[in-house]
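Asker: Here you go, this is coords-v8.txt (compact mmCIF, C-alpha atoms).
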# COMPACT_ATOMS: atom_id res chain seq x y z
CA MET A 1 -24.92 0.66 -20.88
CA ARG A 2 -24.62 4.35 -21.78
CA VAL A 3 -22.13 6.02 -19.44
CA GLY A 4 -21.01 9.64 -19.17
CA LEU A 5 -17.45 10.06 -17.88
CA LEU A 6 -17.03 13.57 -16.43
CA THR A 7 -13.65 15.20 -15.91
CA ARG A 8 -11.76 18.45 -16.13
CA GLU A 9 -8.63 16.89 -17.66
CA TYR A 10 -8.61 14.86 -20.84
CA PRO A 11 -6.00 14.58 -23.61
CA PRO A 12 -4.37 16.70 -24.76
CA ASP A 13 -4.99 18.73 -21.58
CA VAL A 14 -3.66 16.38 -18.90
CA TYR A 15 -1.54 17.86 -16.13
CA GLY A 16 -2.04 15.58 -13.12
CA GLY A 17 -2.69 12.05 -11.92
CA ALA A 18 -6.47 12.33 -12.15
CA GLY A 19 -6.17 13.21 -15.83
CA VAL A 20 -3.91 10.23 -16.46
CA HIS A 21 -6.42 8.02 -14.66
CA VAL A 22 -9.35 9.20 -16.78
CA GLU A 23 -7.37 8.94 -20.03
CA PHE A 24 -6.52 5.27 -19.58
CA LEU A 25 -9.77 4.30 -17.86
CA ALA A 26 -11.74 5.75 -20.79
CA ARG A 27 -9.59 3.87 -23.29
CA GLU A 28 -10.34 0.52 -21.61
CA LEU A 29 -13.99 1.26 -20.80
CA ARG A 30 -14.89 1.86 -24.46
CA SER A 31 -14.85 -1.89 -25.09
CA LEU A 32 -17.12 -2.53 -22.09
CA VAL A 33 -19.75 0.26 -22.19
CA GLU A 34 -21.06 2.93 -24.55
CA LEU A 35 -18.97 5.83 -23.33
CA ASP A 36 -19.17 9.61 -23.76
CA VAL A 37 -16.46 11.74 -22.17
CA HIS A 38 -17.39 15.25 -21.03
CA CYS A 39 -14.38 17.42 -20.23
CA TRP A 40 -13.08 20.99 -20.30
CA GLY A 41 -11.80 22.64 -23.45
CA GLU A 42 -12.72 23.75 -26.95
CA GLY A 43 -14.27 20.88 -28.92
CA SER A 44 -14.97 19.97 -32.51
CA LYS A 45 -17.66 18.10 -34.41
CA GLY A 46 -15.25 15.27 -35.06
CA GLU A 47 -14.57 14.82 -31.37
CA ARG A 48 -18.26 14.79 -30.56
CA ALA A 49 -18.77 12.00 -33.09
CA ALA A 50 -15.93 10.12 -31.39
CA GLY A 51 -17.61 10.37 -27.99
CA VAL A 52 -15.78 13.39 -26.54
CA MET A 53 -17.62 16.61 -25.70
CA ARG A 54 -15.66 19.60 -24.44
CA HIS A 55 -17.18 22.34 -22.30
CA ARG A 56 -15.77 25.67 -21.20
CA PRO A 57 -16.65 28.11 -18.42
CA TRP A 58 -19.19 30.76 -19.34
CA PRO A 59 -17.46 33.76 -20.96
CA VAL A 60 -19.42 36.14 -18.73
CA LEU A 61 -17.39 34.68 -15.83
CA ASP A 62 -13.99 35.27 -17.40
CA GLY A 63 -11.83 36.67 -14.62
CA ALA A 64 -14.15 35.42 -11.87
CA ASN A 65 -13.15 33.04 -9.09
CA ASP A 66 -12.18 29.63 -10.50
CA ALA A 67 -14.80 27.86 -8.39
CA LEU A 68 -17.60 29.89 -10.00
CA ARG A 69 -16.17 29.23 -13.45
CA THR A 70 -16.06 25.52 -12.61
CA PHE A 71 -19.71 25.50 -11.58
CA SER A 72 -20.72 27.10 -14.87
CA THR A 73 -18.92 24.32 -16.74
CA ASP A 74 -20.67 21.75 -14.55
CA LEU A 75 -24.04 23.18 -15.56
CA SER A 76 -23.12 22.84 -19.24
CA ILE A 77 -22.05 19.23 -18.72
CA ALA A 78 -25.18 18.33 -16.74
CA ALA A 79 -27.39 19.68 -19.53
CA ALA A 80 -25.70 17.33 -22.01
CA LEU A 81 -26.29 14.08 -20.09
CA GLU A 82 -29.93 13.42 -20.96
CA ASP A 83 -29.20 10.21 -22.93
CA ARG A 84 -26.91 8.62 -20.32
CA GLU A 85 -27.90 5.77 -17.98
CA LEU A 86 -25.13 6.48 -15.46
CA VAL A 87 -22.59 9.24 -14.87
CA HIS A 88 -19.11 8.88 -13.36
CA SER A 89 -17.32 12.06 -12.21
CA HIS A 90 -13.69 12.69 -11.30
CA THR A 91 -12.44 15.44 -8.94
CA TRP A 92 -14.41 18.35 -7.52
CA TYR A 93 -14.17 20.08 -10.89
CA ALA A 94 -16.73 17.59 -12.25
CA ASN A 95 -18.44 16.18 -9.14
CA LEU A 96 -21.15 18.80 -9.14
CA ALA A 97 -21.91 18.04 -12.80
CA GLY A 98 -22.44 14.42 -11.80
CA HIS A 99 -24.68 15.43 -8.91
CA PHE A 100 -26.74 17.76 -11.10
CA GLY A 101 -26.98 15.02 -13.75
CA LYS A 102 -28.28 12.59 -11.14
CA LEU A 103 -30.98 15.02 -9.99
CA LEU A 104 -31.92 16.36 -13.42
CA HIS A 105 -32.04 13.12 -15.36
CA GLY A 106 -32.80 10.61 -12.59
CA ILE A 107 -29.68 8.51 -13.22
CA PRO A 108 -27.11 7.04 -10.81
CA HIS A 109 -23.94 8.99 -10.05
CA VAL A 110 -20.63 7.26 -9.38
CA MET A 111 -17.71 9.44 -8.35
CA THR A 112 -14.02 8.65 -7.99
CA ALA A 113 -12.26 10.52 -5.19
CA HIS A 114 -8.69 11.29 -6.24
CA SER A 115 -8.17 13.64 -3.31
CA LEU A 116 -10.32 15.30 -0.66
CA GLU A 117 -10.81 19.02 -0.16
CA PRO A 118 -10.83 18.85 3.68
CA LEU A 119 -7.33 17.33 3.52
CA ARG A 120 -5.97 20.03 1.20
CA PRO A 121 -6.35 23.27 3.19
CA TRP A 122 -3.55 24.88 1.17
CA LYS A 123 -6.02 25.03 -1.75
CA ALA A 124 -7.34 28.18 -0.07
CA GLU A 125 -4.14 29.85 -1.33
CA GLN A 126 -5.17 29.01 -4.90
CA LEU A 127 -8.94 29.45 -4.75
CA GLY A 128 -9.44 32.01 -1.97
CA GLY A 129 -13.11 31.97 -1.02
CA GLY A 130 -13.60 29.46 -3.83
CA TYR A 131 -12.14 26.81 -1.53
CA ALA A 132 -15.33 26.99 0.55
CA LEU A 133 -17.27 26.44 -2.69
CA SER A 134 -15.12 23.53 -3.86
CA SER A 135 -15.48 21.94 -0.41
CA TRP A 136 -19.25 22.39 -0.53
CA ALA A 137 -19.43 20.87 -4.02
CA GLU A 138 -17.40 17.83 -3.00
CA ARG A 139 -19.41 17.24 0.18
CA THR A 140 -22.74 17.64 -1.62
CA ALA A 141 -21.77 15.22 -4.39
CA ILE A 142 -20.04 12.60 -2.29
CA GLU A 143 -22.79 12.32 0.31
CA ALA A 144 -25.47 11.88 -2.38
CA ALA A 145 -23.52 9.66 -4.80
CA ASP A 146 -24.79 6.15 -5.44
CA ALA A 147 -21.22 4.85 -5.22
CA VAL A 148 -17.85 6.37 -4.35
CA ILE A 149 -14.64 4.85 -5.70
CA ALA A 150 -11.51 5.26 -3.58
CA VAL A 151 -8.21 4.80 -5.41
CA SER A 152 -6.63 3.11 -2.38
CA GLY A 153 -7.54 1.54 0.94
CA ALA A 154 -6.04 4.53 2.73
CA MET A 155 -8.17 6.83 0.61
CA ARG A 156 -11.29 4.91 1.64
CA GLU A 157 -10.43 5.50 5.29
CA ASP A 158 -9.90 9.20 4.58
CA ILE A 159 -13.26 9.45 2.81
CA LEU A 160 -15.14 7.89 5.71
CA GLY A 161 -13.20 10.02 8.19
CA CYS A 162 -13.99 13.26 6.37
CA TYR A 163 -17.60 12.35 5.55
CA PRO A 164 -19.01 10.26 8.44
CA ALA A 165 -22.55 10.63 7.09
CA LEU A 166 -21.57 8.49 4.11
CA ASP A 167 -22.67 4.85 4.19
CA PRO A 168 -19.45 2.73 4.21
CA GLY A 169 -21.19 0.21 1.97
CA ARG A 170 -21.21 2.78 -0.84
CA VAL A 171 -17.41 3.27 -0.79
CA HIS A 172 -15.47 0.86 -2.99
CA VAL A 173 -11.69 0.52 -3.53
CA VAL A 174 -10.48 0.32 -7.13
CA HIS A 175 -6.78 1.08 -7.37
CA ASN A 176 -5.27 3.30 -10.03
CA GLY A 177 -3.59 1.50 -12.89
CA ILE A 178 -0.63 1.71 -15.24
CA ASP A 179 -0.17 0.83 -18.91
CA THR A 180 2.98 -1.28 -18.68
CA ALA A 181 3.17 -1.68 -22.45
CA LEU A 182 3.46 2.09 -22.74
CA TYR A 183 5.44 2.71 -19.56
CA ARG A 184 8.42 0.44 -20.02
CA PRO A 185 12.20 0.99 -20.02
CA ASP A 186 13.46 3.15 -22.88
CA LEU A 187 17.20 2.68 -23.37
CA GLY A 188 17.58 5.66 -25.71
CA THR A 189 19.43 8.72 -24.43
CA ASP A 190 18.50 11.48 -26.87
CA VAL A 191 16.23 13.22 -24.36
CA LEU A 192 18.92 13.17 -21.69
CA THR A 193 21.35 14.81 -24.10
CA ARG A 194 18.83 17.42 -25.18
CA VAL A 195 18.03 18.57 -21.64
CA GLY A 196 21.72 18.80 -20.80
CA LEU A 197 22.22 15.86 -18.43
CA ASP A 198 25.69 14.39 -17.90
CA PRO A 199 25.31 10.70 -18.86
CA ASP A 200 28.21 9.75 -16.59
CA ARG A 201 26.51 11.07 -13.45
CA PRO A 202 23.47 9.51 -11.76
CA TYR A 203 20.41 11.69 -11.26
CA VAL A 204 17.47 12.00 -8.89
CA LEU A 205 14.20 12.70 -10.74
CA PHE A 206 11.02 14.43 -9.64
CA VAL A 207 7.95 14.72 -11.90
CA GLY A 208 4.93 16.64 -10.67
CA ARG A 209 3.11 19.89 -10.17
CA ILE A 210 4.47 22.75 -8.08
CA THR A 211 2.04 22.48 -5.21
CA ARG A 212 2.25 22.05 -1.45
CA GLN A 213 0.59 18.65 -1.78
CA LYS A 214 3.57 17.31 -3.75
CA GLY A 215 6.07 18.45 -1.12
CA VAL A 216 8.35 20.20 -3.61
CA PRO A 217 9.82 22.72 -1.11
CA HIS A 218 10.79 19.81 1.17
CA LEU A 219 12.56 18.14 -1.74
CA LEU A 220 14.50 21.25 -2.73
CA ARG A 221 15.82 21.57 0.81
CA ALA A 222 16.51 17.84 1.22
CA VAL A 223 18.67 17.44 -1.90
CA ARG A 224 21.08 20.18 -0.85
CA ASP A 225 23.10 17.64 1.11
CA ILE A 226 22.81 14.43 -0.91
CA ASP A 227 25.78 12.85 -2.70
CA PRO A 228 27.38 15.71 -4.70
CA ALA A 229 28.01 13.33 -7.59
CA ALA A 230 24.26 13.10 -8.21
CA GLN A 231 22.37 15.42 -10.53
CA VAL A 232 18.88 16.62 -9.63
CA VAL A 233 16.21 16.82 -12.33
CA LEU A 234 12.93 18.60 -11.59
CA CYS A 235 10.16 18.16 -14.14
CA ALA A 236 7.98 20.62 -12.27
CA GLY A 237 5.37 23.02 -13.59
CA ALA A 238 1.77 24.25 -13.27
CA PRO A 239 2.24 26.09 -9.95
CA ASP A 240 -0.93 26.40 -7.91
CA THR A 241 -0.36 30.05 -7.04
CA PRO A 242 2.11 32.88 -7.72
CA GLU A 243 3.24 32.53 -4.10
CA ILE A 244 4.21 28.84 -4.38
CA ASP A 245 5.82 29.63 -7.74
CA ARG A 246 8.00 32.32 -6.15
CA GLU A 247 8.89 30.03 -3.25
CA PHE A 248 9.91 27.29 -5.68
CA ARG A 249 12.04 29.66 -7.76
CA ASP A 250 13.80 31.04 -4.67
CA LEU A 251 14.58 27.55 -3.37
CA PHE A 252 15.72 26.42 -6.83
CA ASP A 253 18.08 29.39 -7.08
CA GLU A 254 19.49 28.65 -3.62
CA LEU A 255 19.98 24.98 -4.53
CA SER A 256 21.69 25.86 -7.80
CA ARG A 257 24.18 28.04 -5.92
CA VAL A 258 25.27 25.27 -3.54
CA ARG A 259 25.49 22.31 -5.93
CA ALA A 260 26.14 21.65 -9.61
CA GLY A 261 23.98 19.61 -11.93
CA VAL A 262 20.54 20.93 -10.94
CA HIS A 263 18.11 20.94 -13.87
CA TRP A 264 14.60 22.43 -13.91
CA ILE A 265 12.26 21.54 -16.76
CA PRO A 266 9.16 23.74 -16.28
CA GLN A 267 7.29 22.75 -19.45
CA MET A 268 5.16 19.61 -19.66
CA LEU A 269 7.20 17.10 -21.65
CA PRO A 270 5.62 14.61 -24.07
CA ARG A 271 5.03 11.24 -22.45
CA PRO A 272 7.82 9.40 -24.39
CA GLU A 273 10.36 11.92 -23.13
CA VAL A 274 9.22 11.50 -19.53
CA ILE A 275 9.48 7.72 -19.92
CA GLN A 276 13.09 8.02 -21.05
CA LEU A 277 13.91 10.28 -18.10
CA LEU A 278 12.22 7.82 -15.73
CA THR A 279 14.13 4.89 -17.22
CA HIS A 280 17.59 6.35 -16.71
CA ALA A 281 17.04 7.94 -13.29
CA ALA A 282 19.10 6.40 -10.50
CA VAL A 283 16.10 7.02 -8.26
CA PHE A 284 12.67 8.60 -8.60
CA VAL A 285 11.50 10.72 -5.67
CA CYS A 286 7.93 11.46 -4.56
CA PRO A 287 7.99 13.75 -1.48
CA SER A 288 4.21 14.28 -1.27
CA VAL A 289 2.69 15.26 2.05
CA TYR A 290 -0.73 14.02 0.87
CA GLU A 291 -1.24 11.40 -1.83
CA PRO A 292 -4.30 9.14 -2.19
CA LEU A 293 -2.25 6.76 -4.38
CA GLY A 294 0.31 8.42 -6.67
CA ILE A 295 0.19 7.18 -10.27
CA VAL A 296 3.60 8.72 -10.90
CA ASN A 297 5.19 6.13 -8.60
CA LEU A 298 3.65 3.37 -10.70
CA GLU A 299 5.00 5.05 -13.82
CA ALA A 300 8.52 5.06 -12.39
CA MET A 301 8.24 1.45 -11.25
CA ALA A 302 6.96 0.35 -14.65
CA CYS A 303 10.11 1.91 -16.16
CA GLY A 304 12.28 -0.19 -13.83
CA THR A 305 13.30 2.66 -11.51
CA PRO A 306 13.50 2.46 -7.70
CA VAL A 307 11.35 4.94 -5.79
CA VAL A 308 11.94 6.98 -2.67
CA ALA A 309 8.56 8.25 -1.48
CA SER A 310 6.65 9.56 1.51
CA ARG A 311 4.89 7.08 3.73
CA VAL A 312 1.52 8.80 3.31
CA GLY A 313 -1.93 7.91 1.97
CA GLY A 314 -1.99 5.13 -0.59
CA ILE A 315 1.72 5.23 -1.47
CA PRO A 316 2.56 2.20 0.73
CA GLU A 317 -0.04 0.23 -1.27
CA VAL A 318 2.12 0.85 -4.36
CA VAL A 319 5.72 1.13 -3.18
CA ALA A 320 6.87 -1.91 -1.20
CA ASP A 321 9.35 -0.56 1.35
CA GLY A 322 12.72 -2.25 0.94
CA GLU A 323 11.57 -4.16 -2.14
CA THR A 324 10.64 -1.64 -4.84
CA GLY A 325 11.90 1.45 -3.05
CA VAL A 326 12.23 3.23 0.27
CA LEU A 327 9.43 4.90 2.23
CA VAL A 328 10.06 7.95 4.42
CA THR A 329 7.87 9.11 7.30
CA VAL A 330 6.60 12.69 7.08
CA ASP A 331 7.56 14.21 10.42
CA ASP A 332 9.80 16.96 11.79
CA ASP A 333 12.87 15.17 10.37
CA PHE A 334 11.28 14.51 6.98
CA GLU A 335 13.80 16.44 4.91
CA THR A 336 16.78 14.84 6.65
CA SER A 337 15.24 11.38 6.30
CA LEU A 338 14.44 12.03 2.64
CA ALA A 339 18.06 12.95 1.94
CA ARG A 340 19.28 9.86 3.82
CA ALA A 341 16.95 7.59 1.83
CA LEU A 342 18.05 9.08 -1.49
CA ASP A 343 21.70 8.60 -0.56
CA SER A 344 21.03 4.97 0.44
CA VAL A 345 19.73 4.22 -3.05
CA LEU A 346 22.36 6.30 -4.86
CA GLY A 347 25.10 4.59 -2.85
CA ASP A 348 24.09 1.01 -3.69
CA PRO A 349 23.52 0.63 -7.46
CA ALA A 350 23.13 -3.16 -7.21
CA ALA A 351 20.31 -2.86 -4.66
CA ALA A 352 18.76 -0.05 -6.71
CA ARG A 353 18.73 -2.30 -9.77
CA ARG A 354 17.03 -5.10 -7.81
CA MET A 355 14.37 -2.68 -6.53
CA GLY A 356 13.80 -1.36 -10.05
CA GLU A 357 13.31 -4.87 -11.42
CA ALA A 358 10.93 -5.73 -8.57
CA GLY A 359 9.00 -2.51 -9.20
CA ARG A 360 8.49 -3.35 -12.86
CA GLU A 361 7.29 -6.84 -11.93
CA ARG A 362 4.85 -5.45 -9.35
CA ALA A 363 3.46 -2.87 -11.78
CA VAL A 364 2.86 -5.49 -14.46
CA GLY A 365 1.35 -8.04 -12.13
CA GLU A 366 -0.97 -5.93 -10.00
CA PHE A 367 -1.93 -2.65 -11.66
CA GLY A 368 -3.08 -3.23 -15.26
CA TRP A 369 -5.72 -0.79 -16.59
CA ASP A 370 -7.75 -3.59 -18.15
CA ALA A 371 -8.44 -5.01 -14.68
CA VAL A 372 -9.24 -1.53 -13.32
CA ALA A 373 -11.78 -0.98 -16.12
CA ARG A 374 -13.43 -4.37 -15.59
CA ARG A 375 -13.85 -3.71 -11.87
CA THR A 376 -15.26 -0.26 -12.64
CA ALA A 377 -17.72 -1.58 -15.25
CA ASP A 378 -18.83 -4.34 -12.85
CA LEU A 379 -19.63 -1.66 -10.26
CA TYR A 380 -21.63 0.29 -12.87
CA GLY A 381 -23.73 -2.82 -13.50
CA LYS A 382 -24.47 -3.33 -9.84
CA ILE A 383 -25.43 0.31 -9.31
CA VAL A 384 -27.79 0.38 -12.30
CA GLU A 385 -29.45 -2.84 -11.12
CA GLN A 386 -30.06 -1.30 -7.69
CA ALA A 387 -31.37 2.01 -9.07
Render the structure in this file as structure tokens.
Answerer:
Amino acid sequence: MRVGLLTREYPPDVYGGAGVHVEFLARELRSLVELDVHCWGEGSKGERAAGVMRHRPWPVLDGANDALRTFSTDLSIAAALEDRELVHSHTWYANLAGHFGKLLHGIPHVMTAHSLEPLRPWKAEQLGGGYALSSWAERTAIEAADAVIAVSGAMREDILGCYPALDPGRVHVVHNGIDTALYRPDLGTDVLTRVGLDPDRPYVLFVGRITRQKGVPHLLRAVRDIDPAAQVVLCAGAPDTPEIDREFRDLFDELSRVRAGVHWIPQMLPRPEVIQLLTHAAVFVCPSVYEPLGIVNLEAMACGTPVVASRVGGIPEVVADGETGVLVTVDDDFETSLARALDSVLGDPAAARRMGEAGRERAVGEFGWDAVARRTADLYGKIVEQA
């Protein structure tokens, strides 16, 4: 079967969970289907021969609203799908390309929902009027898609709640995965030394984008009052807007004034360096206020690290409360509860070690990418048969 996988992010330009998902899904799918990846970026003839085609927004739209630039890229992608039997899009950045491909070439469109625009109203800060366009693109694509993949059971409920016109029979749950051969404990310490961490002090680690969805401001306020012996490491970059960037910087400066051992790493680190940081963290923290699943929690668990995370979206389907980490309810006392949960893990290293070991076991046993790819390819087959 000839499949087109459509995405904004693809190596080396991966900055979020959706990009990680597509990277590993594509790797496993290549042994199951004839796969072409269509993504953003500047391409080369060699890449095209290897099944990767990169597209960029039209130059005439340089400086225009990002939603318009996205749509121009979608048109370029749709025009290149004439030899595909099925297209599979990821995120609103590529959903419209999948929808156009379906209409133009008469082929089925499968889309994976990694998040939902109606549940991310803060995106209006980033896109302005483009948020109305991104919302329209998502609704148009999702309601017409032949199949919609939700990355968690909670995400499936959100999809049907946001889009009641969608036939529930077309919404399928296929969880995100993790490569546990790649994400595994790394006992080296060279990265810790290079970024200036004190190896004799435990540290709390956050890895993610600077966006309201990831709850970073909540975290910066919560860690003010945790155990003063703990360091705080923030691998945080790619701010959504100048406003959220300024808010982050102000909160970081305030935090740095009231406690020692606060480290901010704004650049995107190579994956091996992130794995080492995950391995040695006393606790990984995910304070998201909205999270369909949260691959980063799986990454931490696969490295044998306990997780403190929000009890939102699909996170409880990954983090077993009291077994592989601690879940915190997002309410008016969220920041206080987050600090209390972090202190509970920091204060009991033996329990933290047990949770880390259980997390690694759960990641290996339940979330392998090979199984994710097989379930995805099986769905392709069913959709093509029905078309």
Asker: May I ask which of the residues A:Leu96, A:Leu86, A:Cys303, A:Ala64 is the closest one to Val110 of chain A, counting all atoms listed in the file?
Answerer: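 Selected residue with least distance to Val110 of chain A: A:Leu86.
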Asker: Please give the centre and size of the box around segment 167-174 of chain A (axis-aligned, containing every atom listed in the file, 3 Å added per side), with values in Å to one decimal and written as JSON.
Answerer:
{"center_x": -16.6, "center_y": 2.5, "center_z": -1.5, "size_x": 18.2, "size_y": 10.6, "size_z": 17.3}
Asker: Every residue with an atom at most 8 Å from (-12.2, 11.9, -0.7) (file coordinates; only C-alpha atoms) is what I'm after, so could you write them as a compact mmCIF listing (two decimals) with C-alpha atoms, keeping the file's coordinate frame?
Answerer:
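selection_30.txt, written as the output of this step:
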# COMPACT_ATOMS: atom_id res chain seq x y z
CA ALA A 113 -12.26 10.52 -5.19
CA HIS A 114 -8.69 11.29 -6.24
CA SER A 115 -8.17 13.64 -3.31
CA LEU A 116 -10.32 15.30 -0.66
CA GLU A 117 -10.81 19.02 -0.16
CA ALA A 150 -11.51 5.26 -3.58
CA MET A 155 -8.17 6.83 0.61
CA ARG A 156 -11.29 4.91 1.64
CA ASP A 158 -9.90 9.20 4.58
CA ILE A 159 -13.26 9.45 2.81
CA CYS A 162 -13.99 13.26 6.37
Asker: Could you list, as a PyMOL selection string, every residue within 10 Å of segment 145-148 of chain A, counting all atoms listed in the file and ignoring same-chain residues fewer than 4 positions away?
Answerer: chain A and resi 88-89+95+98-99+102+107-113+139-141+156+159+166-174+379-380+382-384+386-387
Asker: Convert the current residue selection to file output with C-alpha atoms, as a short mmCIF file (atom, residue, chain, number, x, y, z; two decimals), in the coordinates of the input.
Answerer:
data_model
loop_
_atom_site.label_atom_id
_atom_site.label_comp_id
_atom_site.auth_asym_id
_atom_site.auth_seq_id
_atom_site.Cartn_x
_atom_site.Cartn_y
_atom_site.Cartn_z
CA HIS A 88 -19.11 8.88 -13.36
CA SER A 89 -17.32 12.06 -12.21
CA ASN A 95 -18.44 16.18 -9.14
CA GLY A 98 -22.44 14.42 -11.80
CA HIS A 99 -24.68 15.43 -8.91
CA LYS A 102 -28.28 12.59 -11.14
CA ILE A 107 -29.68 8.51 -13.22
CA PRO A 108 -27.11 7.04 -10.81
CA HIS A 109 -23.94 8.99 -10.05
CA VAL A 110 -20.63 7.26 -9.38
CA MET A 111 -17.71 9.44 -8.35
CA THR A 112 -14.02 8.65 -7.99
CA ALA A 113 -12.26 10.52 -5.19
CA ARG A 139 -19.41 17.24 0.18
CA THR A 140 -22.74 17.64 -1.62
CA ALA A 141 -21.77 15.22 -4.39
CA ARG A 156 -11.29 4.91 1.64
CA ILE A 159 -13.26 9.45 2.81
CA LEU A 166 -21.57 8.49 4.11
CA ASP A 167 -22.67 4.85 4.19
CA PRO A 168 -19.45 2.73 4.21
CA GLY A 169 -21.19 0.21 1.97
CA ARG A 170 -21.21 2.78 -0.84
CA VAL A 171 -17.41 3.27 -0.79
CA HIS A 172 -15.47 0.86 -2.99
CA VAL A 173 -11.69 0.52 -3.53
CA VAL A 174 -10.48 0.32 -7.13
CA LEU A 379 -19.63 -1.66 -10.26
CA TYR A 380 -21.63 0.29 -12.87
CA LYS A 382 -24.47 -3.33 -9.84
CA ILE A 383 -25.43 0.31 -9.31
CA VAL A 384 -27.79 0.38 -12.30
CA GLN A 386 -30.06 -1.30 -7.69
CA ALA A 387 -31.37 2.01 -9.07
#
Asker: What's around segment 256-271 of chain A at 7 Å? Count only C-alpha atoms, leave out sequence neighbours fewer than 5 positions away in its own chain, and write the answer as an MDAnalysis selection string.
Answerer: chainID A and resid 228 231:237
Asker: What does the distance from atom CA of Asn297 of chain A to atom CA of Val372 of chain A come to in Å, to one decimal?
Answerer: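 Distance between the two atoms: 17.0 Å.
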Asker: For the interface of segment 143-164 of chain A with segment 308-326 of chain A (cut-off 8 Å, counting only C-alpha atoms), please tabulate each contacting residue of segment 143-164 of chain A alongside its nearest pair of atoms and their separation in Å to one decimal, rows sorted by chain and increasing number, as CSV.
Answerer:
residue,atom,partner,partner_atom,distance
A:Val151,CA,A:Gly314,CA,7.9
A:Ser152,CA,A:Gly314,CA,5.4
A:Gly153,CA,A:Gly314,CA,6.8
A:Ala154,CA,A:Gly314,CA,5.3
A:Met155,CA,A:Gly313,CA,6.5
Asker: Give me a file of those residues, with C-alpha atoms, as a PDB file, keeping the file's coordinate frame.
Answerer:
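Result went into out.pdb, see below:
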ATOM      1  CA  VAL A 151      -8.210   4.800  -5.410  1.00  0.00           C
ATOM      2  CA  SER A 152      -6.630   3.110  -2.380  1.00  0.00           C
ATOM      3  CA  GLY A 153      -7.540   1.540   0.940  1.00  0.00           C
ATOM      4  CA  ALA A 154      -6.040   4.530   2.730  1.00  0.00           C
ATOM      5  CA  MET A 155      -8.170   6.830   0.610  1.00  0.00           C
TER       6      MET A 155
END
Asker: Give me, as a list of chain:residue names, all polymer residues having an atom no more than 6 Å from segment 335-349 of chain A, counting all atoms listed in the file and skipping those fewer than 3 positions away in the same chain.
Answerer: A:His218, A:Ala222, A:Val223, A:Ile226, A:Ala352
Asker: So, counting only C-alpha atoms, which residue among A:Val195, A:Leu278, A:Leu298, A:Val289 is closest to Thr211 of chain A?
Answerer: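 Between A:Val195, A:Leu278, A:Leu298, A:Val289, the residue approaching Thr211 of chain A most closely is A:Val289.
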Asker: Restricted to C-alpha atoms, what does segment 188-201 of chain A look like when written out as a PDB file, in the first residue's frame?
Answerer:
ATOM      1  CA  GLY A 188      27.197   8.751  32.216  1.00  0.00           C
ATOM      2  CA  THR A 189      27.451  12.193  33.800  1.00  0.00           C
ATOM      3  CA  ASP A 190      29.313  14.282  31.229  1.00  0.00           C
ATOM      4  CA  VAL A 191      26.190  16.218  30.235  1.00  0.00           C
ATOM      5  CA  LEU A 192      25.369  17.012  33.855  1.00  0.00           C
ATOM      6  CA  THR A 193      28.866  18.409  34.338  1.00  0.00           C
ATOM      7  CA  ARG A 194      28.723  20.442  31.153  1.00  0.00           C
ATOM      8  CA  VAL A 195      25.449  22.181  32.031  1.00  0.00           C
ATOM      9  CA  GLY A 196      26.738  22.994  35.511  1.00  0.00           C
ATOM     10  CA  LEU A 197      24.688  20.668  37.720  1.00  0.00           C
ATOM     11  CA  ASP A 198      25.920  19.739  41.194  1.00  0.00           C
ATOM     12  CA  PRO A 199      26.121  15.913  41.141  1.00  0.00           C
ATOM     13  CA  ASP A 200      25.644  15.772  44.916  1.00  0.00           C
ATOM     14  CA  ARG A 201      22.252  17.496  44.801  1.00  0.00           C
TER      15      ARG A 201
END
